[in-house]
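Structure data follow from input36.csv (CSV, N, CA and C atoms):
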```
chain,number,residue,atom,x,y,z
M,294,MET,N,84.8,96.6,82.7
M,294,MET,CA,85.2,97.0,81.4
M,294,MET,C,86.5,96.2,81.1
M,295,PRO,N,86.4,95.4,80.0
M,295,PRO,CA,87.6,94.6,79.6
M,295,PRO,C,88.8,95.5,79.1
M,296,VAL,N,90.0,95.3,79.5
M,296,VAL,CA,91.1,96.0,79.1
M,296,VAL,C,92.2,95.0,78.8
M,297,GLU,N,92.6,95.0,77.5
M,297,GLU,CA,93.6,94.0,77.0
M,297,GLU,C,93.2,92.6,77.5
M,298,ARG,N,94.0,91.9,78.4
M,298,ARG,CA,93.7,90.6,78.9
M,298,ARG,C,93.1,90.6,80.3
M,299,GLY,N,92.7,91.8,80.7
M,299,GLY,CA,92.1,91.8,82.1
M,299,GLY,C,90.8,92.6,82.1
M,300,SER,N,90.4,93.0,83.3
M,300,SER,CA,89.2,93.8,83.5
M,300,SER,C,89.5,95.1,84.3
M,301,LEU,N,88.8,96.1,84.0
M,301,LEU,CA,88.9,97.3,84.8
M,301,LEU,C,87.6,97.4,85.6
M,302,LEU,N,87.8,97.6,86.9
M,302,LEU,CA,86.6,97.6,87.8
M,302,LEU,C,86.4,99.0,88.4
M,303,PHE,N,85.2,99.4,88.7
M,303,PHE,CA,84.9,100.7,89.3
M,303,PHE,C,84.0,100.4,90.5
M,304,THR,N,84.3,101.1,91.6
M,304,THR,CA,83.6,100.9,92.8
M,304,THR,C,83.7,102.2,93.7
M,305,CYS,N,83.1,102.2,94.8
M,305,CYS,CA,83.3,103.3,95.8
M,305,CYS,C,84.0,102.7,97.0
M,306,VAL,N,84.9,103.4,97.5
M,306,VAL,CA,85.7,102.9,98.7
M,306,VAL,C,85.8,104.0,99.7
M,307,ASP,N,85.3,103.8,101.0
M,307,ASP,CA,85.5,104.7,102.0
M,307,ASP,C,87.0,104.8,102.4
M,308,VAL,N,87.6,105.9,102.5
M,308,VAL,CA,89.0,106.1,102.7
M,308,VAL,C,89.4,105.6,104.1
M,309,ALA,N,88.6,105.8,105.1
M,309,ALA,CA,88.9,105.5,106.4
M,309,ALA,C,89.4,104.1,106.6
M,310,GLY,N,90.6,103.9,107.2
M,310,GLY,CA,91.1,102.6,107.5
M,310,GLY,C,91.9,101.9,106.3
M,311,HIS,N,92.0,102.6,105.2
M,311,HIS,CA,92.7,102.1,104.1
M,311,HIS,C,94.1,102.8,104.0
M,312,PRO,N,95.2,102.2,104.5
M,312,PRO,CA,96.5,102.8,104.5
M,312,PRO,C,97.0,103.2,103.1
M,313,GLU,N,96.5,102.6,102.1
M,313,GLU,CA,96.9,102.9,100.7
M,313,GLU,C,96.3,104.2,100.3
M,314,LEU,N,95.2,104.7,101.0
M,314,LEU,CA,94.5,105.9,100.6
M,314,LEU,C,94.6,107.0,101.7
M,315,GLU,N,94.3,106.7,102.9
M,315,GLU,CA,94.2,107.6,104.0
M,315,GLU,C,95.5,108.4,104.2
M,316,GLY,N,95.4,109.7,104.2
M,316,GLY,CA,96.6,110.5,104.5
M,316,GLY,C,97.5,110.8,103.3
M,317,ARG,N,97.1,110.2,102.1
M,317,ARG,CA,97.9,110.4,100.9
M,317,ARG,C,97.1,111.4,100.0
M,318,SER,N,97.9,112.0,99.1
M,318,SER,CA,97.3,112.9,98.1
M,318,SER,C,96.7,112.0,97.0
M,319,VAL,N,95.8,112.5,96.2
M,319,VAL,CA,95.3,111.7,95.1
M,319,VAL,C,96.4,111.2,94.2
M,320,HIS,N,97.4,112.0,94.0
M,320,HIS,CA,98.6,111.6,93.2
M,320,HIS,C,99.3,110.5,93.9
M,321,ALA,N,99.6,110.6,95.2
M,321,ALA,CA,100.4,109.6,95.9
M,321,ALA,C,99.6,108.3,96.1
M,322,ALA,N,98.3,108.4,96.0
M,322,ALA,CA,97.4,107.2,96.2
M,322,ALA,C,97.4,106.3,94.9
M,323,PHE,N,97.8,106.9,93.8
M,323,PHE,CA,97.9,106.2,92.5
M,323,PHE,C,98.9,105.0,92.7
M,324,ARG,N,98.5,103.9,92.2
M,324,ARG,CA,99.4,102.7,92.1
M,324,ARG,C,99.3,102.1,90.7
M,325,GLU,N,100.4,102.3,90.0
M,325,GLU,CA,100.5,101.9,88.6
M,325,GLU,C,100.1,100.4,88.4
M,326,ASN,N,99.3,100.1,87.4
M,326,ASN,CA,98.8,98.8,87.1
M,326,ASN,C,97.9,98.2,88.2
M,327,GLU,N,97.4,99.0,89.2
M,327,GLU,CA,96.6,98.5,90.2
M,327,GLU,C,95.3,99.3,90.4
M,328,TRP,N,95.4,100.7,90.6
M,328,TRP,CA,94.3,101.6,90.7
M,328,TRP,C,94.7,103.0,90.5
M,329,ARG,N,93.7,103.8,90.2
M,329,ARG,CA,93.8,105.3,90.1
M,329,ARG,C,92.5,105.8,90.6
M,330,VAL,N,92.6,106.9,91.5
M,330,VAL,CA,91.4,107.5,92.0
M,330,VAL,C,90.8,108.4,90.9
M,331,LEU,N,89.6,108.2,90.6
M,331,LEU,CA,88.9,109.0,89.6
M,331,LEU,C,88.1,110.2,90.2
M,332,ALA,N,87.5,110.0,91.4
M,332,ALA,CA,86.6,111.0,92.0
M,332,ALA,C,86.7,110.9,93.5
M,333,VAL,N,86.4,112.0,94.1
M,333,VAL,CA,86.5,112.1,95.6
M,333,VAL,C,85.2,112.8,96.1
M,334,GLY,N,84.5,112.2,97.1
M,334,GLY,CA,83.3,112.8,97.7
M,334,GLY,C,83.3,112.5,99.2
M,335,ALA,N,82.2,112.9,99.8
M,335,ALA,CA,82.1,112.6,101.2
M,335,ALA,C,81.6,111.2,101.4
M,336,ALA,N,82.1,110.6,102.5
M,336,ALA,CA,81.6,109.2,102.8
M,336,ALA,C,80.1,109.2,103.1
M,337,ALA,N,79.4,108.2,102.6
M,337,ALA,CA,78.0,108.1,102.8
M,337,ALA,C,77.6,107.9,104.2
M,338,VAL,N,78.4,107.3,105.0
M,338,VAL,CA,78.2,106.9,106.4
M,338,VAL,C,79.4,107.3,107.2
M,339,PRO,N,79.2,107.5,108.5
M,339,PRO,CA,80.4,107.9,109.3
M,339,PRO,C,81.5,106.8,109.2
M,340,PRO,N,82.8,107.1,109.1
M,340,PRO,CA,83.8,106.2,109.0
M,340,PRO,C,83.9,105.1,110.0
M,341,THR,N,83.2,105.3,111.2
M,341,THR,CA,83.3,104.3,112.2
M,341,THR,C,82.2,103.2,112.1
M,342,SER,N,81.3,103.3,111.1
M,342,SER,CA,80.3,102.3,110.9
M,342,SER,C,80.8,101.1,110.3
M,343,ALA,N,80.0,100.0,110.3
M,343,ALA,CA,80.4,98.8,109.8
M,343,ALA,C,79.9,98.6,108.3
M,344,ALA,N,79.6,99.7,107.7
M,344,ALA,CA,79.1,99.6,106.3
M,344,ALA,C,80.2,99.0,105.3
M,345,THR,N,79.7,98.4,104.3
M,345,THR,CA,80.6,97.8,103.3
M,345,THR,C,80.8,98.8,102.2
M,346,ASP,N,81.9,98.7,101.5
M,346,ASP,CA,82.2,99.5,100.3
M,346,ASP,C,81.2,99.2,99.2
M,347,THR,N,80.6,100.2,98.6
M,347,THR,CA,79.6,100.0,97.6
M,347,THR,C,79.5,101.2,96.7
M,348,LEU,N,78.8,101.0,95.6
M,348,LEU,CA,78.5,102.0,94.6
M,348,LEU,C,77.2,102.8,95.1
M,349,ALA,N,76.6,102.4,96.2
M,349,ALA,CA,75.3,103.0,96.6
M,349,ALA,C,75.3,104.5,96.7
M,350,GLY,N,76.5,105.1,97.1
M,350,GLY,CA,76.5,106.5,97.4
M,350,GLY,C,76.8,107.4,96.1
M,351,LEU,N,76.8,106.8,95.0
M,351,LEU,CA,77.2,107.5,93.8
M,351,LEU,C,76.1,108.5,93.3
M,352,TRP,N,74.8,108.2,93.4
M,352,TRP,CA,73.8,109.0,92.9
M,352,TRP,C,72.9,109.5,94.0
M,353,LEU,N,73.0,110.8,94.3
M,353,LEU,CA,72.3,111.5,95.4
M,353,LEU,C,71.4,112.5,94.8
M,354,ARG,N,70.1,112.3,94.6
M,354,ARG,CA,69.1,113.2,94.2
M,354,ARG,C,69.6,114.0,93.0
M,355,GLY,N,70.0,113.3,91.9
M,355,GLY,CA,70.4,114.0,90.7
M,355,GLY,C,71.8,114.5,90.7
M,356,ARG,N,72.5,114.5,91.8
M,356,ARG,CA,73.9,115.0,91.9
M,356,ARG,C,74.7,113.9,92.4
M,357,THR,N,75.9,113.8,92.0
M,357,THR,CA,76.8,112.7,92.4
M,357,THR,C,77.4,113.0,93.8
M,358,GLY,N,77.7,114.3,94.1
M,358,GLY,CA,78.3,114.6,95.3
M,358,GLY,C,79.8,114.3,95.3
M,359,PHE,N,80.3,113.9,94.1
M,359,PHE,CA,81.7,113.6,93.9
M,359,PHE,C,82.4,114.7,93.0
M,360,ASP,N,83.6,115.0,93.3
M,360,ASP,CA,84.5,115.8,92.5
M,360,ASP,C,85.2,114.9,91.5
M,361,TRP,N,84.8,114.9,90.2
M,361,TRP,CA,85.3,114.0,89.2
M,361,TRP,C,86.6,114.5,88.6
M,362,ARG,N,87.1,115.7,89.1
M,362,ARG,CA,88.4,116.2,88.7
M,362,ARG,C,89.1,116.7,89.9
M,363,PRO,N,89.4,115.8,90.8
M,363,PRO,CA,90.1,116.2,92.1
M,363,PRO,C,91.5,116.7,91.8
M,364,ALA,N,91.9,117.7,92.5
M,364,ALA,CA,93.3,118.1,92.4
M,364,ALA,C,94.2,117.0,92.8
M,365,GLN,N,95.3,116.8,92.1
M,365,GLN,CA,96.2,115.8,92.4
M,365,GLN,C,96.9,115.9,93.8
M,366,GLY,N,96.9,117.1,94.3
M,366,GLY,CA,97.5,117.4,95.6
M,366,GLY,C,96.5,117.2,96.8
M,367,ARG,N,95.2,117.0,96.5
M,367,ARG,CA,94.2,116.9,97.5
M,367,ARG,C,94.5,115.7,98.4
M,368,VAL,N,94.6,115.9,99.7
M,368,VAL,CA,94.9,114.8,100.6
M,368,VAL,C,93.6,114.1,101.0
M,369,LEU,N,93.6,112.8,100.9
M,369,LEU,CA,92.4,111.9,101.2
M,369,LEU,C,92.3,111.7,102.7
M,370,ARG,N,91.2,112.0,103.3
M,370,ARG,CA,90.9,111.9,104.7
M,370,ARG,C,89.9,110.8,105.0
M,371,ALA,N,89.8,110.5,106.3
M,371,ALA,CA,88.9,109.4,106.8
M,371,ALA,C,87.4,109.7,106.4
M,372,GLY,N,87.0,110.9,106.3
M,372,GLY,CA,85.6,111.2,105.9
M,372,GLY,C,85.3,111.2,104.4
M,373,ASP,N,86.3,110.8,103.6
M,373,ASP,CA,86.2,110.8,102.2
M,373,ASP,C,85.8,109.5,101.7
M,374,ARG,N,85.2,109.5,100.5
M,374,ARG,CA,84.9,108.2,99.7
M,374,ARG,C,85.4,108.5,98.3
M,375,VAL,N,86.1,107.5,97.8
M,375,VAL,CA,86.7,107.7,96.4
M,375,VAL,C,86.1,106.7,95.5
M,376,VAL,N,86.1,107.0,94.2
M,376,VAL,CA,85.8,106.1,93.1
M,376,VAL,C,87.1,105.8,92.4
M,377,PRO,N,87.6,104.6,92.6
M,377,PRO,CA,88.8,104.2,91.9
M,377,PRO,C,88.5,103.3,90.7
M,378,ALA,N,89.3,103.4,89.7
M,378,ALA,CA,89.3,102.4,88.6
M,378,ALA,C,90.4,101.4,89.0
M,379,THR,N,90.1,100.2,89.1
M,379,THR,CA,91.1,99.2,89.6
M,379,THR,C,91.1,97.9,88.7
M,380,THR,N,92.2,97.2,88.9
M,380,THR,CA,92.3,95.9,88.4
M,380,THR,C,91.7,95.0,89.5
M,381,ARG,N,91.5,93.7,89.1
M,381,ARG,CA,91.0,92.8,90.2
M,381,ARG,C,92.0,92.7,91.3
M,382,ARG,N,93.3,92.6,91.0
M,382,ARG,CA,94.3,92.5,92.0
M,382,ARG,C,94.3,93.7,92.8
M,383,GLY,N,94.2,94.9,92.2
M,383,GLY,CA,94.2,96.2,92.9
M,383,GLY,C,93.1,96.3,93.9
M,384,LEU,N,91.9,95.8,93.4
M,384,LEU,CA,90.7,95.9,94.3
M,384,LEU,C,90.9,94.9,95.5
M,385,ASP,N,91.5,93.8,95.3
M,385,ASP,CA,91.8,92.9,96.4
M,385,ASP,C,92.7,93.5,97.4
M,386,ILE,N,93.8,94.2,96.9
M,386,ILE,CA,94.7,94.9,97.8
M,386,ILE,C,94.0,96.0,98.6
M,387,LEU,N,93.2,96.8,97.9
M,387,LEU,CA,92.5,97.9,98.6
M,387,LEU,C,91.5,97.3,99.7
M,388,ILE,N,90.7,96.4,99.3
M,388,ILE,CA,89.7,95.8,100.2
M,388,ILE,C,90.4,95.0,101.4
M,389,ALA,N,91.3,94.2,101.1
M,389,ALA,CA,91.9,93.3,102.1
M,389,ALA,C,93.0,94.1,102.8
M,390,GLY,N,93.5,95.2,102.4
M,390,GLY,CA,94.6,95.9,103.0
M,390,GLY,C,95.9,95.2,102.9
M,391,GLY,N,96.0,94.5,101.7
M,391,GLY,CA,97.2,93.6,101.5
M,391,GLY,C,98.5,94.3,101.5
M,392,GLN,N,99.2,94.3,100.4
M,392,GLN,CA,100.6,94.7,100.4
M,392,GLN,C,100.8,96.2,100.6
M,393,PRO,N,101.8,96.6,101.3
M,393,PRO,CA,102.1,98.0,101.5
M,393,PRO,C,102.5,98.7,100.2
M,394,HIS,N,102.2,100.0,100.2
M,394,HIS,CA,102.5,100.8,99.0
M,394,HIS,C,104.0,100.9,98.9
M,395,PRO,N,104.6,100.7,97.7
M,395,PRO,CA,106.0,100.7,97.5
M,395,PRO,C,106.7,101.9,98.0
M,396,ALA,N,106.0,103.1,97.9
M,396,ALA,CA,106.7,104.3,98.3
M,396,ALA,C,106.3,104.7,99.8
M,397,ASP,N,105.8,103.7,100.5
M,397,ASP,CA,105.4,104.0,101.9
M,397,ASP,C,106.6,104.1,102.8
M,398,ARG,N,106.9,105.2,103.3
M,398,ARG,CA,108.0,105.4,104.2
M,398,ARG,C,107.6,105.6,105.7
M,399,ARG,N,106.2,105.4,105.9
M,399,ARG,CA,105.7,105.6,107.2
M,399,ARG,C,105.9,104.4,108.1
M,400,SER,N,106.1,103.2,107.5
M,400,SER,CA,106.2,102.0,108.3
M,400,SER,C,107.7,101.6,108.6
```
Let me see whether you can do it: turn the structure in this file into structure tokens.
Amino acid sequence: MPVERGSLLFTCVDVAGHPELEGRSVHAAFRENEWRVLAVGAAAVPPTSAATDTLAGLWLRGRTGFDWRPAQGRVLRAGDRVVPATTRRGLDILIAGGQPHPADRRS
């Protein structure tokens, strides 16, 4: 979806192994001008598998299996899958595990 001079991308991302998401609340996982979590559901495959992130798990027999209005305090866990709206740069950071979150005090 075009937004001003850029694009807004939508995908599914398994939370497991993503330090920008795992262990953070929906609110804390938000990164201004990069991404926002729109929905949370169960991961389509166990988090230890080698599956790639994809939109494939969005439609399950007429139901999405996603909470499209997740509570901002809901903590994202390894067994979750999220639907973020991202910029291209934001998706690169999420997928590549790039830059640390600016509010990350765990490292």
* To do: Do a neighbour search on Ala321 (chain M) at 9 Å with only C-alpha atoms, toss out local chain neighbours closer than 3 positions, and write the hits as a ChimeraX atom specification.
  => /M:313-314,317-318,324,365-366,368,396
* **Shortest interatomic distance to Arg329 (chain M) - which of M:Pro363, M:Gly383, M:Gly310, M:Pro377, counting all atoms listed in the file** =>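 Looking only at the distances to Arg329 (chain M), the closest residue turns out to be M:Pro377.
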* **Using only C-alpha atoms: which of M:Trp361, M:Ala389, M:Gly316, M:Thr379 has the shortest distance to Val333 (chain M)** =>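 Ranking M:Trp361, M:Ala389, M:Gly316, M:Thr379 by distance to Val333 (chain M), first place goes to M:Trp361.
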Residues near Gly372 (chain M), anyone? I mean within 5 Å using only N, CA and C atoms, not counting same-chain ones fewer than 2 positions away, as a PDB file with N, CA and C atoms, in the frame of the given file.
```pdb
ATOM      1  N   ALA M 335      82.200 112.900  99.800  1.00  0.00           N
ATOM      2  CA  ALA M 335      82.100 112.600 101.200  1.00  0.00           C
ATOM      3  C   ALA M 335      81.600 111.200 101.400  1.00  0.00           C
ATOM      4  N   ALA M 336      82.100 110.600 102.500  1.00  0.00           N
ATOM      5  CA  ALA M 336      81.600 109.200 102.800  1.00  0.00           C
ATOM      6  C   ALA M 336      80.100 109.200 103.100  1.00  0.00           C
ATOM      7  N   ARG M 370      91.200 112.000 103.300  1.00  0.00           N
ATOM      8  CA  ARG M 370      90.900 111.900 104.700  1.00  0.00           C
ATOM      9  C   ARG M 370      89.900 110.800 105.000  1.00  0.00           C
ATOM     10  N   ARG M 374      85.200 109.500 100.500  1.00  0.00           N
ATOM     11  CA  ARG M 374      84.900 108.200  99.700  1.00  0.00           C
ATOM     12  C   ARG M 374      85.400 108.500  98.300  1.00  0.00           C
TER      13      ARG M 374
END
```
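Nearest-residue note for Arg367 (chain M): choosing from M:Leu331, M:Leu387, M:Val319, M:Val306, the minimum distance belongs to M:Val319, counting all atoms listed in the file.
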* Structure fact -> Using only C-alpha atoms, the shortest atom-to-atom distance to Ala371 (chain M) among M:Ala322, M:Ile388, M:Ala332, M:Val308 belongs to M:Val308
